[in-house]
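Notes follow once the structure below has been shown.
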Amino acid sequence: MNYFELFGLPVQLKTDKKELSARYIRLSKQYHPDYFVHADAEQQSKALDMSAMLNQAYKILQNEDETIKYVLQLKGLLEEEEKYQLPPEFLMTMMELNETVSEAEEQEQKKNISESLNRLEAEAYNRVKDIIENYIDNAVSEQELLRVKEYYFKKKYIQRLRQQLSNQPF
């Protein structure tokens, strides 16, 4: 059973957080181990497993990036710890920004770098926005999902540089 099936939701790249929360609460009550204290060991074990799976599923489906990763893995398009080759022009831009982060000495420089990262992330998202927001399982081509995969890795790269920037002392 995948996480979407657990929640009774269609496979999607962007979940409705309110709907997800409502279903999580309902299912949490249904599978909470405290309700199985008088059940046999097998039922208690099953309730504990379901509760753990429910918590893990909720954690992933609450986070858009983790949801994208999960769907790509479900579709066999992403492996754990995969080393994805991003386009050279993107890597060159990121390398230049990385150097700028290392050399930044003023708050204004930090702000400019942050704005550049925001623009890069927005550009990457705009290329896949329709796919992510209107995803219908089995109606989206593998090519479209591969574009989402590229976006996922670009965003991870941008987030790492953003983290480095926020840790940069000034």
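Chain identifiers are assigned as A, B, and so on, following the order in which chains appear in the structure tokens; residues are numbered from 1 within each chain, and ligands are numbered from 1 in order of appearance.
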
Each stretch 47-147 of chain A residue no farther than 8 Å from stretch 30-35 of chain A, nearest pair in Å, only C-alpha atoms, as a Markdown table:
| residue | atom | partner | partner_atom | distance |
| --- | --- | --- | --- | --- |
| A:Ala47 | CA | A:Tyr31 | CA | 5.3 |
| A:Leu48 | CA | A:Pro33 | CA | 5.6 |
| A:Met50 | CA | A:Tyr31 | CA | 6.4 |
| A:Ser51 | CA | A:Tyr31 | CA | 5.7 |

Sel. of helix (DSSP H, G or I) residues, stretch 77-127 of chain A, as a PyMOL selection string: chain A and resi 88-103+107-126

I need the chosen residues saved as a short mmCIF file (atom, residue, chain, number, x, y, z; two decimals), in the first residue's frame, with N, CA and C atoms.
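For reference, again.cif as written:
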data_model
loop_
_atom_site.label_atom_id
_atom_site.label_comp_id
_atom_site.auth_asym_id
_atom_site.auth_seq_id
_atom_site.Cartn_x
_atom_site.Cartn_y
_atom_site.Cartn_z
N PRO A 88 24.55 21.73 -17.73
CA PRO A 88 25.79 22.48 -17.48
C PRO A 88 25.58 23.98 -17.25
N GLU A 89 24.65 24.60 -17.97
CA GLU A 89 24.44 26.04 -17.80
C GLU A 89 23.90 26.36 -16.40
N PHE A 90 23.07 25.48 -15.87
CA PHE A 90 22.56 25.67 -14.51
C PHE A 90 23.72 25.52 -13.52
N LEU A 91 24.53 24.50 -13.70
CA LEU A 91 25.66 24.27 -12.80
C LEU A 91 26.65 25.42 -12.83
N MET A 92 26.85 25.99 -14.02
CA MET A 92 27.77 27.13 -14.15
C MET A 92 27.22 28.33 -13.38
N THR A 93 25.94 28.58 -13.52
CA THR A 93 25.31 29.68 -12.78
C THR A 93 25.44 29.46 -11.27
N MET A 94 25.20 28.23 -10.84
CA MET A 94 25.30 27.92 -9.42
C MET A 94 26.73 28.05 -8.92
N MET A 95 27.69 27.66 -9.75
CA MET A 95 29.10 27.78 -9.37
C MET A 95 29.46 29.26 -9.19
N GLU A 96 28.98 30.10 -10.09
CA GLU A 96 29.25 31.53 -9.97
C GLU A 96 28.61 32.11 -8.70
N LEU A 97 27.38 31.70 -8.43
CA LEU A 97 26.72 32.17 -7.21
C LEU A 97 27.43 31.65 -5.97
N ASN A 98 27.91 30.42 -6.03
CA ASN A 98 28.65 29.84 -4.90
C ASN A 98 29.90 30.66 -4.61
N GLU A 99 30.61 31.05 -5.65
CA GLU A 99 31.80 31.89 -5.47
C GLU A 99 31.42 33.24 -4.86
N THR A 100 30.30 33.78 -5.32
CA THR A 100 29.83 35.06 -4.80
C THR A 100 29.48 34.94 -3.32
N VAL A 101 28.88 33.82 -2.94
CA VAL A 101 28.55 33.59 -1.53
C VAL A 101 29.83 33.58 -0.70
N SER A 102 30.85 32.90 -1.19
CA SER A 102 32.12 32.81 -0.46
C SER A 102 32.79 34.16 -0.30
N GLU A 103 32.59 35.03 -1.28
CA GLU A 103 33.26 36.33 -1.27
C GLU A 103 32.40 37.44 -0.67
N GLN A 107 25.85 42.79 3.85
CA GLN A 107 24.46 42.34 3.87
C GLN A 107 23.79 42.56 2.52
N GLU A 108 24.11 43.63 1.84
CA GLU A 108 23.51 43.93 0.53
C GLU A 108 23.89 42.86 -0.50
N GLN A 109 25.13 42.39 -0.45
CA GLN A 109 25.55 41.32 -1.36
C GLN A 109 24.76 40.04 -1.07
N LYS A 110 24.56 39.76 0.19
CA LYS A 110 23.80 38.59 0.61
C LYS A 110 22.36 38.68 0.08
N LYS A 111 21.79 39.86 0.16
CA LYS A 111 20.42 40.09 -0.32
C LYS A 111 20.35 39.87 -1.83
N ASN A 112 21.32 40.36 -2.57
CA ASN A 112 21.35 40.19 -4.03
C ASN A 112 21.46 38.72 -4.42
N ILE A 113 22.29 37.99 -3.71
CA ILE A 113 22.45 36.56 -3.98
C ILE A 113 21.13 35.83 -3.69
N SER A 114 20.51 36.18 -2.58
CA SER A 114 19.23 35.57 -2.22
C SER A 114 18.18 35.83 -3.29
N GLU A 115 18.15 37.04 -3.81
CA GLU A 115 17.20 37.38 -4.88
C GLU A 115 17.49 36.58 -6.14
N SER A 116 18.75 36.39 -6.45
CA SER A 116 19.13 35.57 -7.62
C SER A 116 18.67 34.13 -7.44
N LEU A 117 18.84 33.60 -6.24
CA LEU A 117 18.40 32.23 -5.95
C LEU A 117 16.88 32.13 -6.07
N ASN A 118 16.18 33.14 -5.57
CA ASN A 118 14.72 33.14 -5.69
C ASN A 118 14.28 33.14 -7.15
N ARG A 119 14.95 33.93 -7.97
CA ARG A 119 14.62 33.98 -9.41
C ARG A 119 14.89 32.63 -10.07
N LEU A 120 16.03 32.03 -9.77
CA LEU A 120 16.35 30.72 -10.35
C LEU A 120 15.32 29.67 -9.94
N GLU A 121 14.93 29.68 -8.69
CA GLU A 121 13.94 28.71 -8.22
C GLU A 121 12.59 28.95 -8.88
N ALA A 122 12.20 30.22 -9.01
CA ALA A 122 10.92 30.55 -9.66
C ALA A 122 10.93 30.13 -11.13
N GLU A 123 12.03 30.36 -11.81
CA GLU A 123 12.15 29.96 -13.22
C GLU A 123 12.02 28.44 -13.35
N ALA A 124 12.70 27.72 -12.48
CA ALA A 124 12.64 26.25 -12.53
C ALA A 124 11.22 25.77 -12.25
N TYR A 125 10.56 26.39 -11.27
CA TYR A 125 9.21 25.97 -10.92
C TYR A 125 8.22 26.28 -12.05
N ASN A 126 8.37 27.45 -12.66
CA ASN A 126 7.44 27.84 -13.73
C ASN A 126 7.45 26.85 -14.89
#

Contact residues around stretch 139-143 of chain A with only C-alpha atoms at 12 Å, ignoring same-chain residues under 3 positions, as a PyMOL selection string: chain A and resi 11-13+71-72+75-78+128+130-136+146-150

For A:Leu74: contacts at 12 Å, only C-alpha atoms, fewer than 4 positions along chain excluded, given as an NGL selection string: :A and (1-4 or 11-13 or 67-70 or 78-80 or 137-138 or 145)

Selection: 12 Å around A:Asn167, only C-alpha atoms, excl. self and same-chain fewer than 3 positions, as a ChimeraX atom specification: /A:101-102,104,110,160-164,170

Would you output that residue set with N, CA and C atoms, as a PDB file, in the first residue's frame?
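Result file is result.pdb:
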ATOM      1  N   VAL A 101      28.882  33.821  -2.939  1.00  0.00           N
ATOM      2  CA  VAL A 101      28.550  33.594  -1.526  1.00  0.00           C
ATOM      3  C   VAL A 101      29.830  33.583  -0.703  1.00  0.00           C
ATOM      4  N   SER A 102      30.847  32.895  -1.189  1.00  0.00           N
ATOM      5  CA  SER A 102      32.116  32.806  -0.456  1.00  0.00           C
ATOM      6  C   SER A 102      32.788  34.157  -0.299  1.00  0.00           C
ATOM      7  N   ALA A 104      31.134  37.168  -0.438  1.00  0.00           N
ATOM      8  CA  ALA A 104      30.220  38.198   0.058  1.00  0.00           C
ATOM      9  C   ALA A 104      30.671  38.712   1.414  1.00  0.00           C
ATOM     10  N   LYS A 110      24.561  39.763   0.193  1.00  0.00           N
ATOM     11  CA  LYS A 110      23.800  38.588   0.606  1.00  0.00           C
ATOM     12  C   LYS A 110      22.364  38.683   0.078  1.00  0.00           C
ATOM     13  N   ARG A 160      20.546  24.128  -0.954  1.00  0.00           N
ATOM     14  CA  ARG A 160      21.865  23.957  -0.314  1.00  0.00           C
ATOM     15  C   ARG A 160      22.647  25.261  -0.344  1.00  0.00           C
ATOM     16  N   LEU A 161      22.606  25.952  -1.477  1.00  0.00           N
ATOM     17  CA  LEU A 161      23.323  27.219  -1.583  1.00  0.00           C
ATOM     18  C   LEU A 161      22.668  28.277  -0.687  1.00  0.00           C
ATOM     19  N   ARG A 162      21.352  28.261  -0.604  1.00  0.00           N
ATOM     20  CA  ARG A 162      20.636  29.189   0.270  1.00  0.00           C
ATOM     21  C   ARG A 162      21.029  28.927   1.728  1.00  0.00           C
ATOM     22  N   GLN A 163      21.158  27.656   2.099  1.00  0.00           N
ATOM     23  CA  GLN A 163      21.580  27.298   3.461  1.00  0.00           C
ATOM     24  C   GLN A 163      23.000  27.785   3.729  1.00  0.00           C
ATOM     25  N   GLN A 164      23.864  27.597   2.748  1.00  0.00           N
ATOM     26  CA  GLN A 164      25.244  28.069   2.884  1.00  0.00           C
ATOM     27  C   GLN A 164      25.250  29.587   3.067  1.00  0.00           C
ATOM     28  N   PHE A 170      28.610  37.542   8.668  1.00  0.00           N
ATOM     29  CA  PHE A 170      28.876  38.883   8.131  1.00  0.00           C
ATOM     30  C   PHE A 170      29.208  39.828   9.255  1.00  0.00           C
TER      31      PHE A 170
END

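Excluding A:Ala22 itself and any same-chain residue fewer than 5 positions from it, the protein and nucleic acid residues within 12 Å of it, counting only C-alpha atoms, are Phe7, Gly8, Leu9, Asp16, Lys17, Leu27, Ser28, Lys29 and Tyr58 of chain A.
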
Go ahead and write the residues just picked, C-alpha atoms, as a compact mmCIF listing (two decimals), in the first residue's frame.
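The result, written out as result13.txt:
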# COMPACT_ATOMS: atom_id res chain seq x y z
CA PHE A 7 -5.05 8.19 2.93
CA GLY A 8 -7.56 7.33 0.21
CA LEU A 9 -6.16 10.05 -2.04
CA ASP A 16 -4.44 19.54 -0.21
CA LYS A 17 -3.05 20.10 3.30
CA LEU A 27 -6.98 7.47 10.53
CA SER A 28 -4.87 8.24 13.62
CA LYS A 29 -7.89 7.61 15.78
CA TYR A 58 1.76 12.23 6.75
